[in-house]
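**Q** Just dropping this structure here.
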Amino acid sequence: MKVASVIVDVPTRQTDRPFDYLIPERWHGVIQPGMRVTVPFGARRLQGFVIEVKDHSEIEQLKPIEHVLDVVPVLNEELLDLGRYLTETTLCFAISAYQAMLPAAMRAKYEKVLRLAEEERRGELPDELKSLVAGRTEVAWNEVEAAGLWRAAQKAVQQGVLEAVYNVKDKAGKKTVKSAALAVSAEQAEQALHSLPARQKEVVSFLLKRGEAVPIAKLQATLGISSAPLKALVEKGLVVVRDVEVYRDPYAHRTFQPSEPLALTPAQAQALAKITASVRAGEHRTFLLYGVTGSGKTEVYMQAIEEVLRQGKEAIVLVPEISLTPQMVERFKSRFGPKVAVLHSGLSVGEKYDEWRKIHRKEVQLVVGARSAVFAPFENLGMIIIDEEHETSYKQEEMPRYHARDVAIYRARRHGCPVVLGSATPSLETFARAAKGVYELLELPERIAERGMPDVHIVDMREELRSGNRSMFSRRLLDELRLRLERGEQAVLFLNRRGYSTFVMCRGCGYVIRCPHCDISLTYHRAGERMKCHYCGHEEPLAPRCPSCGSEHIRFFGTGTQKVEEELAKLLPTARVIRMDVDTTGRKGAHEELLSRFAAKEADILLGTQMIAKGLDFPDVTLVGVLAADTMLHLPDFRAAEKTFQLLTQVSGRAGRHELPGEVVIQTYTPDHYSIALAARHDYRAFYRREMTLRKAHGYPPYYYLALITAAHEEAPAAAKAAEKIAAYLRKQLSNEAVILGPVASPIARLHDRYRYQCMIKYKREPNVTAALKAVIDRYQADAAHGGVTITVDTNPYMMM
Ligand SMILES: Nc1ncnc2c1ncn2[C@@H]1O[C@H](COP(=O)(O)OP(=O)(O)OP(=O)(O)O)[C@@H](O)[C@H]1O
Ligand SMILES: [Zn+2]
Ligand SMILES: [Zn+2]
């Protein structure tokens, strides 16, 4: 008897375990762990992943597997284990973990076919398949299944004669081109040659030389012929025209100048040597490459990757979605050409699937991609790089709530290879580990070519107000902008809109009202004119006057890019402005187009949000302006200061990266705040020390662990009651050292028509915590089934809302 353990595609607590199914005889030896199947489940038929194949089961009367969806496993053993690890550490359902590893196309509607890999290999097909395939290049999966040719097909796929392809129903793009190929054998074609007219002869010789189908457009262009000779050849039966699949290549219209490795600076060489030593030794290590902006981290990555490829291994480079700019992609494409696959959210479902398939079939050795690229199904990993490792987008905010850094380290340990975390502003967690020697610190303390860091001027907006300037532009920033226009140089203006507009700040003195217990900003609630702490529930009435200076200018903050653009048009009517925000970059390719217009100097000022903070490298940008440094500083989030420091440093880093020196103007109401003052001085270490002291004092990471539990329901009292019950239960289960805050209304108190309440656990050593949280999920999700309350648990929260 052969039995498969299957994780079915129903993300609920009750179904979150393997179910056993009988493997029918015809699939013995065919079904392997990591394949997807369909199985009967109650009255339904469900998809699922086979995670184990065994010889018997405790269960009697097993139902058989109905269909097999894959010809070869889509998840290898390592990824199956990784799924178990994610289930344990993030408390997700196993099915969510496995789904997260596959491209969306494999969850979408598709039609599966088996396709001949190359015409020449038709002869290698086993006889029974040969007659089924007959003259075709592909056959539907159902046909193979109906003919009972399972095993033969699987073997042919493993030998590379056939390929299993999911034809995704994708509107985004054509995936075939009309191509011409010889319809007869090479000998027959050569014999026919001398009886052909000149033009036709050229075509046949060309096809003979190429030995494969050639797109018709290309054929005609290369030979400079009309369609007539082709038509004639088709009529003679010497040539066939057919649709040939091409990968949807989002970069097809681009040509990449090949780039050569640069001669490294001593600091770069030293960092590289450490990394490559670890690659060659095949040992797992985690490096922190801490290099100031413009210090040449990318060059170190690229040369380290070269070593990995020389070893015959593969590499993954993770880049935050937001900095996966055409510029960044270009650098890797130029260096590594067709060896690179690129994965990011701008690709259509079909394009992503094509890139994934290149990896699965080992046609590429390098992946550059956003968070989920960490699951790239390489089997011989030689290195994983995480660029801008401090970015919070590496944490997924839905199930499985994984952090790419943890997944990278898990995989690298398994493959015996290094992880390289790179940043100019490492996260506190990471720098603390490097300081303790858990990670190895590699430093690039200076910019390339002895270029200095840009001069940063802090402008006190309270002073502007006092001098009667009510504009969102300070006099200093406006003067600097004018100067750039005169000199024909470029400027980048940054407006942070991720900020919340509900903190309460005095425009007179910059004072922001904070929770006395948690050291985070209080949030303003219009109902009842109150201010609340979203960690511990502390609340107080809205102050009519500033508690610090007595001013009545206590107001709420926040303005949009569009308003800034309008004001710019008034103040600097001759300036050509490109605005980049969610509104102007929604269309596919818009992002790229706007940036290339700026690069071509079709504009003087690039005005934008987060999306312009990173990865950009323009030679003529000599001024960076930050319009409101405070917005992020006062998020109700204990990482607000860290995020502010990182953002200011990254934005400033866009200035003066080439010959021309750069200047930065930061406008703020709180010029003395350490995160702003230290960012202006480019002093990461001082910031690190200062922030660590505060984290320790208030019991936050990296000194403490956090877990966030959120209960949501259409009715507020139901959500609140569930959160209360959970808090009470956790207080009983955990030791006195664990602090359980709340329940309180979440900062985003209502989402998708559901009210949200949360509790936060702060703990240091709490062996019981995973079990307790699992129990919470079990108990309250069972309740939820009738009550409608949903519980989410985040064991390493980054979104504190
Ligand atoms: N060894 C080198 N010699 C000459 N130029 C170099 C060298 N290394 C890097 N560069 C160039 O220096 C510039 C800055 O490098 P890069 O963009 O890699 O910096 P970075 O550390 O990634 O910066 P950021 O963190 O701001 O993105 C690039 O234009 C790059 O081509
Ligand atoms: Zn004040
Ligand atoms: Zn509080």
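Ligands are numbered from 1 in the order shown, residues from 1 within each chain, and chains are lettered A, B, ... in the order they appear in the structure tokens.
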Write out as CSV a residue-level contact list of chain A versus ligand 2 with cut-off 9 Å: for each qualifying residue the closest pair of atoms and the distance in Å to one decimal, counting only C-alpha atoms and all ligand atoms, rows sorted by chain and residue number upward.
**A**
residue,atom,partner,partner_atom_place_in_ligand_line,distance
A:Met505,CA,ligand 2,1 (Zn),7.8
A:Cys506,CA,ligand 2,1 (Zn),4.6
A:Arg507,CA,ligand 2,1 (Zn),6.6
A:Gly508,CA,ligand 2,1 (Zn),4.9
A:Cys509,CA,ligand 2,1 (Zn),4.0
A:Gly510,CA,ligand 2,1 (Zn),6.0
A:Tyr511,CA,ligand 2,1 (Zn),5.3
A:Val512,CA,ligand 2,1 (Zn),8.3
A:Arg545,CA,ligand 2,1 (Zn),7.7
A:Cys546,CA,ligand 2,1 (Zn),4.5
A:Pro547,CA,ligand 2,1 (Zn),6.6
A:Ser548,CA,ligand 2,1 (Zn),5.0
A:Cys549,CA,ligand 2,1 (Zn),4.0
A:Gly550,CA,ligand 2,1 (Zn),5.8
A:Ser551,CA,ligand 2,1 (Zn),5.2
A:Glu552,CA,ligand 2,1 (Zn),7.8
A:His553,CA,ligand 2,1 (Zn),7.4
A:Ile554,CA,ligand 2,1 (Zn),7.3
**Q** Based on the selection just made, write N, CA, C and O atoms of those residues as a compact mmCIF listing (two decimals), in the first residue's frame.
**A**
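Below is the file that was written, selection-v7.txt:
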# COMPACT_ATOMS: atom_id res chain seq x y z
N MET A 505 0.70 68.02 17.32
CA MET A 505 1.98 68.71 17.40
C MET A 505 1.77 70.21 17.47
O MET A 505 0.89 70.76 16.84
N CYS A 506 2.61 70.86 18.25
CA CYS A 506 2.57 72.30 18.36
C CYS A 506 3.41 72.91 17.25
O CYS A 506 4.60 72.62 17.13
N ARG A 507 2.80 73.73 16.43
CA ARG A 507 3.54 74.36 15.33
C ARG A 507 4.43 75.47 15.87
O ARG A 507 5.35 75.91 15.21
N GLY A 508 4.13 75.93 17.07
CA GLY A 508 4.94 76.99 17.66
C GLY A 508 6.27 76.48 18.17
O GLY A 508 7.31 77.08 17.93
N CYS A 509 6.26 75.31 18.84
CA CYS A 509 7.51 74.85 19.45
C CYS A 509 7.88 73.43 19.03
O CYS A 509 8.94 72.93 19.39
N GLY A 510 7.02 72.76 18.27
CA GLY A 510 7.36 71.42 17.81
C GLY A 510 7.05 70.32 18.79
O GLY A 510 7.32 69.15 18.53
N TYR A 511 6.48 70.68 19.92
CA TYR A 511 6.19 69.68 20.95
C TYR A 511 5.13 68.70 20.47
O TYR A 511 4.12 69.08 19.88
N VAL A 512 5.36 67.42 20.71
CA VAL A 512 4.41 66.38 20.36
C VAL A 512 4.02 65.64 21.62
O VAL A 512 4.88 65.29 22.43
N ARG A 545 -4.06 74.04 24.65
CA ARG A 545 -2.84 74.80 24.46
C ARG A 545 -1.65 73.86 24.57
O ARG A 545 -1.74 72.81 25.19
N CYS A 546 -0.57 74.28 23.96
CA CYS A 546 0.64 73.45 24.03
C CYS A 546 1.13 73.36 25.47
O CYS A 546 1.34 74.37 26.12
N PRO A 547 1.29 72.13 26.00
CA PRO A 547 1.75 71.98 27.38
C PRO A 547 3.17 72.51 27.57
O PRO A 547 3.59 72.77 28.69
N SER A 548 3.88 72.69 26.48
CA SER A 548 5.27 73.11 26.60
C SER A 548 5.43 74.63 26.51
O SER A 548 6.11 75.23 27.33
N CYS A 549 4.79 75.26 25.51
CA CYS A 549 5.03 76.68 25.32
C CYS A 549 3.76 77.52 25.46
O CYS A 549 3.80 78.74 25.40
N GLY A 550 2.62 76.85 25.61
CA GLY A 550 1.39 77.59 25.81
C GLY A 550 0.75 78.10 24.53
O GLY A 550 -0.32 78.71 24.56
N SER A 551 1.36 77.87 23.39
CA SER A 551 0.81 78.34 22.12
C SER A 551 -0.52 77.65 21.80
O SER A 551 -0.77 76.52 22.22
N GLU A 552 -1.35 78.34 21.02
CA GLU A 552 -2.61 77.72 20.60
C GLU A 552 -2.47 77.04 19.24
O GLU A 552 -3.41 76.42 18.75
N HIS A 553 -1.29 77.16 18.64
CA HIS A 553 -1.07 76.57 17.32
C HIS A 553 -0.87 75.07 17.40
O HIS A 553 0.10 74.52 16.89
N ILE A 554 -1.79 74.40 18.08
CA ILE A 554 -1.62 72.96 18.17
C ILE A 554 -2.46 72.39 17.05
O ILE A 554 -3.66 72.61 16.99
**Q** Go through chain A residue by residue and, counting only C-alpha atoms and all ligand atoms, keep those with an atom at most 6 Å from ligand 3; for each kept residue give the shortest atom pair and its distance in Å to one decimal, ordered by chain and increasing number, as a Markdown table.
**A**
| residue | atom | partner | partner_atom_place_in_ligand_line | distance |
| --- | --- | --- | --- | --- |
| A:Cys515 | CA | ligand 3 | 1 (Zn) | 4.7 |
| A:His517 | CA | ligand 3 | 1 (Zn) | 4.7 |
| A:Cys518 | CA | ligand 3 | 1 (Zn) | 4.1 |
| A:Cys533 | CA | ligand 3 | 1 (Zn) | 4.6 |
| A:Tyr535 | CA | ligand 3 | 1 (Zn) | 5.0 |
| A:Cys536 | CA | ligand 3 | 1 (Zn) | 4.1 |
| A:Gly537 | CA | ligand 3 | 1 (Zn) | 5.9 |
| A:His538 | CA | ligand 3 | 1 (Zn) | 5.3 |
**Q** Could you check how far CA of Phe287 (chain A) sits from CA of Val368 (chain A), in Å to one decimal?
**A**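 Distance reported for this atom pair: 18.8 Å.
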**Q** Measuring between only C-alpha atoms, which one of A:Gly48, A:Pro767, A:Gly211, A:Gly488 shows the shortest distance to Met35 (chain A)?
**A**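 Looking at the shortest contact to Met35 (chain A), the residue is A:Gly48.
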**Q** Quick one: of A:Glu235, A:Glu88, A:Asp460, A:Glu659, who's nearest to ligand 1, counting only C-alpha atoms and all ligand atoms?
**A** A:Glu659
**Q** Go through region 400-442 of chain A and collect every residue that DSSP, computed from the backbone, puts in helix (DSSP H, G or I); the answer should be as a PyMOL selection string.
**A** chain A and resi 404-415+428-436
**Q** Extract the full set of strand (DSSP E) residues from region 506-633 of chain A according to DSSP on the backbone, and format it as a VMD selection string.
**A** chain A and resid 506 523 to 525 530 to 532 539 to 541 554 to 555 577 to 580 605 to 608 621 to 626
**Q** Choose the residue, out of A:Pro573, A:Pro671, A:Pro426, A:Gly337, that has the smallest atom-to-atom separation from ligand 1; count only C-alpha atoms and all ligand atoms.
**A**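 Checking each of A:Pro573, A:Pro671, A:Pro426, A:Gly337 against ligand 1, counting only C-alpha atoms and all ligand atoms, the winner is A:Pro426.
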**Q** Give the residue list for ligand 1 at 8 Å, counting only C-alpha atoms and all ligand atoms, as a PyMOL selection string, sorted by chain and then by residue number.
**A** chain A and resi 262-265+268+291-300+388+423-424+447-449+614-617+650+653-654+657-658
**Q** Pick out the residues sitting within 10 Å of region 226-231 of chain A, and hand them over as a list in words; count only C-alpha atoms, and ignore anything fewer than 6 positions along from it in its own chain.
**A**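 Everything that qualifies: Ala180, Pro197, Ala198, Arg199, Gln200, Lys201, Glu202, Val203, Val204, Ile216, Ala217, Leu219, Gln220, Gly237, Leu238, Val239, Val240 and Val241 of chain A.
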**Q** Find, counting only C-alpha atoms, the residue in A:Pro377, A:Gly282, A:Pro258, A:Gly656 that gets nearest to Leu102 (chain A).
**A**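 Using only C-alpha atoms, Leu102 (chain A) sits closest to A:Pro377.
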**Q** CA of Val234 (chain A) to CA of His194 (chain A): how many Å, to one decimal?
**A**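 Going from CA of Val234 (chain A) over to CA of His194 (chain A) covers 17.0 Å.
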**Q** Within 12 Å of Tyr798 (chain A), counting only C-alpha atoms, which residues qualify if same-chain residues fewer than 2 places away don't, as a PyMOL selection string?
**A** chain A and resi 390-398+401-403+427+636-640+643+701+705-708+794-796+800-801
**Q** Please produce an output containing N, CA, C and O atoms for each residue in the selection, written as a CSV table (one decimal), in the first residue's frame.
**A**
chain,number,residue,atom,x,y,z
A,390,HIS,N,17.3,46.9,6.3
A,390,HIS,CA,16.5,47.5,7.3
A,390,HIS,C,15.0,47.7,6.8
A,390,HIS,O,14.2,48.1,7.6
A,391,GLU,N,14.8,47.5,5.6
A,391,GLU,CA,13.4,47.9,5.0
A,391,GLU,C,12.4,47.0,5.6
A,391,GLU,O,12.5,45.8,5.6
A,392,THR,N,11.3,47.6,6.1
A,392,THR,CA,10.2,46.8,6.7
A,392,THR,C,9.4,46.0,5.7
A,392,THR,O,8.7,45.1,6.1
A,393,SER,N,9.6,46.3,4.4
A,393,SER,CA,8.8,45.5,3.4
A,393,SER,C,9.3,44.1,3.3
A,393,SER,O,8.7,43.3,2.7
A,394,TYR,N,10.4,43.8,4.0
A,394,TYR,CA,10.9,42.4,4.0
A,394,TYR,C,10.0,41.5,4.9
A,394,TYR,O,10.1,40.3,4.9
A,395,LYS,N,9.2,42.2,5.7
A,395,LYS,CA,8.2,41.4,6.5
A,395,LYS,C,6.9,41.3,5.8
A,395,LYS,O,6.4,42.4,5.4
A,396,GLN,N,6.4,40.1,5.6
A,396,GLN,CA,5.1,40.0,5.0
A,396,GLN,C,4.0,40.3,6.0
A,396,GLN,O,4.0,39.7,7.1
A,397,GLU,N,3.0,41.1,5.6
A,397,GLU,CA,2.0,41.4,6.6
A,397,GLU,C,0.7,40.6,6.4
A,397,GLU,O,-0.4,41.0,6.8
A,398,GLU,N,0.8,39.5,5.8
A,398,GLU,CA,-0.3,38.5,5.8
A,398,GLU,C,0.3,37.1,6.0
A,398,GLU,O,1.5,37.0,5.9
A,401,ARG,N,3.3,35.3,8.1
A,401,ARG,CA,3.9,36.6,8.4
A,401,ARG,C,5.4,36.4,8.7
A,401,ARG,O,5.9,36.5,9.8
A,402,TYR,N,6.1,36.1,7.6
A,402,TYR,CA,7.5,35.8,7.7
A,402,TYR,C,8.4,37.0,7.4
A,402,TYR,O,7.9,38.0,6.8
A,403,HIS,N,9.6,37.0,7.9
A,403,HIS,CA,10.6,38.0,7.6
A,403,HIS,C,11.6,37.4,6.6
A,403,HIS,O,12.1,36.3,7.0
A,427,SER,N,19.1,47.9,10.5
A,427,SER,CA,18.1,47.9,11.5
A,427,SER,C,18.8,47.6,12.9
A,427,SER,O,19.9,47.1,12.9
A,636,PRO,N,2.5,56.3,15.7
A,636,PRO,CA,2.4,55.5,16.9
A,636,PRO,C,3.1,54.2,16.8
A,636,PRO,O,2.5,53.2,16.7
A,637,ASP,N,4.4,54.2,16.8
A,637,ASP,CA,5.2,53.0,16.5
A,637,ASP,C,6.5,53.2,17.2
A,637,ASP,O,7.2,54.3,17.0
A,638,PHE,N,7.0,52.2,18.0
A,638,PHE,CA,8.2,52.4,18.7
A,638,PHE,C,9.4,52.5,17.8
A,638,PHE,O,10.5,53.0,18.2
A,639,ARG,N,9.2,52.1,16.5
A,639,ARG,CA,10.3,52.3,15.6
A,639,ARG,C,10.3,53.6,14.8
A,639,ARG,O,11.1,53.8,13.9
A,640,ALA,N,9.5,54.6,15.3
A,640,ALA,CA,9.4,55.8,14.5
A,640,ALA,C,10.7,56.6,14.4
A,640,ALA,O,11.0,57.0,13.3
A,643,LYS,N,12.9,54.7,11.9
A,643,LYS,CA,12.5,54.8,10.5
A,643,LYS,C,12.8,56.2,10.0
A,643,LYS,O,13.2,56.4,8.9
A,701,PRO,N,12.2,45.7,21.3
A,701,PRO,CA,13.3,45.0,20.6
A,701,PRO,C,14.4,46.0,20.3
A,701,PRO,O,14.1,47.2,20.2
A,705,TYR,N,11.3,40.7,23.0
A,705,TYR,CA,10.5,40.2,21.9
A,705,TYR,C,9.1,40.8,22.0
A,705,TYR,O,8.7,41.1,23.1
A,706,LEU,N,8.5,40.9,20.9
A,706,LEU,CA,7.1,41.3,20.9
A,706,LEU,C,6.2,40.3,20.2
A,706,LEU,O,6.7,39.6,19.3
A,707,ALA,N,4.9,40.3,20.6
A,707,ALA,CA,3.9,39.6,19.8
A,707,ALA,C,2.7,40.4,19.8
A,707,ALA,O,2.4,41.0,20.8
A,708,LEU,N,2.0,40.5,18.7
A,708,LEU,CA,0.8,41.3,18.6
A,708,LEU,C,-0.4,40.4,18.3
A,708,LEU,O,-0.3,39.7,17.3
A,794,ASP,N,0.8,38.0,15.3
A,794,ASP,CA,2.0,38.3,14.6
A,794,ASP,C,3.2,38.2,15.6
A,794,ASP,O,3.2,38.9,16.6
A,795,THR,N,4.0,37.2,15.4
A,795,THR,CA,5.0,36.9,16.4
A,795,THR,C,6.3,37.8,16.3
A,795,THR,O,7.2,37.7,17.1
A,796,ASN,N,6.3,38.7,15.3
A,796,ASN,CA,7.4,39.6,15.1
A,796,ASN,C,6.9,40.8,14.4
A,796,ASN,O,7.2,41.0,13.2
A,800,MET,N,2.6,48.2,13.4
A,800,MET,CA,2.0,48.3,14.8
A,800,MET,C,0.6,48.9,14.7
A,800,MET,O,0.1,49.3,15.7
A,801,MET,N,0.0,48.8,13.6
A,801,MET,CA,-1.3,49.5,13.4
A,801,MET,C,-2.4,48.5,13.5
A,801,MET,O,-3.5,48.7,13.2
**Q** Work out how far apart CA of Leu571 (chain A) and CA of Gln490 (chain A) are and give it in Å to one decimal.
**A**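 Separation of CA of Leu571 (chain A) and CA of Gln490 (chain A): 16.7 Å.
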**Q** I'd like the neighbourhood of Glu355 (chain A) as a VMD selection string, where a residue qualifies if any of its atoms comes within 8 Å (using only C-alpha atoms), though same-chain residues fewer than 5 positions away should be ignored.
**A** chain A and resid 341 to 343
**Q** Nearest residue to Leu347 (chain A) out of A:Glu464, A:Glu307, A:Glu143, A:Glu321, using only C-alpha atoms?
**A**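 Residue with the minimum atom-to-atom distance to Leu347 (chain A): A:Glu321.
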**Q** I'd like to know which of A:Leu485, A:Val68, A:Thr12, A:Glu52 is closest to Cys92 (chain A), using only C-alpha atoms.
**A** A:Thr12
**Q** Quick one: residues within 8 Å of Glu138 (chain A), only C-alpha atoms, excluding same-chain residues fewer than 3 positions away - as a PyMOL selection string?
**A** chain A and resi 113-116+133
**Q** If we count only C-alpha atoms and set the cut-off at 7 Å, which residues sit around Arg285 (chain A), ignoring sequence neighbours fewer than 2 positions away in its own chain? Please answer as a PDB file with all heavy atoms, in the first residue's frame.
**A**
ATOM      1  N   GLU A 283      30.517  27.415   3.901  1.00  0.00           N
ATOM      2  CA  GLU A 283      30.038  27.439   5.280  1.00  0.00           C
ATOM      3  C   GLU A 283      29.050  28.585   5.457  1.00  0.00           C
ATOM      4  O   GLU A 283      29.178  29.637   4.843  1.00  0.00           O
ATOM      5  CB  GLU A 283      31.209  27.598   6.247  1.00  0.00           C
ATOM      6  CG  GLU A 283      31.983  28.880   6.017  1.00  0.00           C
ATOM      7  CD  GLU A 283      33.158  29.046   6.978  1.00  0.00           C
ATOM      8  OE1 GLU A 283      33.503  28.079   7.660  1.00  0.00           O
ATOM      9  OE2 GLU A 283      33.704  30.163   7.017  1.00  0.00           O
ATOM     10  N   PHE A 287      26.757  37.928   7.158  1.00  0.00           N
ATOM     11  CA  PHE A 287      27.553  39.157   7.161  1.00  0.00           C
ATOM     12  C   PHE A 287      26.624  40.361   7.167  1.00  0.00           C
ATOM     13  O   PHE A 287      25.584  40.345   6.509  1.00  0.00           O
ATOM     14  CB  PHE A 287      28.415  39.246   5.902  1.00  0.00           C
ATOM     15  CG  PHE A 287      29.451  38.169   5.798  1.00  0.00           C
ATOM     16  CD1 PHE A 287      29.236  37.045   5.009  1.00  0.00           C
ATOM     17  CD2 PHE A 287      30.649  38.271   6.494  1.00  0.00           C
ATOM     18  CE1 PHE A 287      30.191  36.048   4.904  1.00  0.00           C
ATOM     19  CE2 PHE A 287      31.627  37.283   6.401  1.00  0.00           C
ATOM     20  CZ  PHE A 287      31.391  36.161   5.606  1.00  0.00           C
ATOM     21  N   CYS A 417      25.869  28.211   3.067  1.00  0.00           N
ATOM     22  CA  CYS A 417      26.340  29.339   2.271  1.00  0.00           C
ATOM     23  C   CYS A 417      26.098  30.638   3.033  1.00  0.00           C
ATOM     24  O   CYS A 417      25.327  30.678   3.990  1.00  0.00           O
ATOM     25  CB  CYS A 417      25.639  29.363   0.915  1.00  0.00           C
ATOM     26  SG  CYS A 417      23.947  29.922   0.957  1.00  0.00           S
ATOM     27  N   PRO A 418      26.767  31.711   2.644  1.00  0.00           N
ATOM     28  CA  PRO A 418      26.618  32.965   3.384  1.00  0.00           C
ATOM     29  C   PRO A 418      25.335  33.727   3.052  1.00  0.00           C
ATOM     30  O   PRO A 418      24.771  33.569   1.977  1.00  0.00           O
ATOM     31  CB  PRO A 418      27.826  33.784   2.938  1.00  0.00           C
ATOM     32  CG  PRO A 418      28.209  33.245   1.612  1.00  0.00           C
ATOM     33  CD  PRO A 418      27.828  31.796   1.620  1.00  0.00           C
ATOM     34  N   VAL A 419      24.920  34.538   4.021  1.00  0.00           N
ATOM     35  CA  VAL A 419      23.890  35.549   3.808  1.00  0.00           C
ATOM     36  C   VAL A 419      24.599  36.888   3.952  1.00  0.00           C
ATOM     37  O   VAL A 419      25.386  37.060   4.881  1.00  0.00           O
ATOM     38  CB  VAL A 419      22.767  35.451   4.862  1.00  0.00           C
ATOM     39  CG1 VAL A 419      21.831  36.659   4.790  1.00  0.00           C
ATOM     40  CG2 VAL A 419      21.972  34.171   4.672  1.00  0.00           C
TER      41      VAL A 419
END
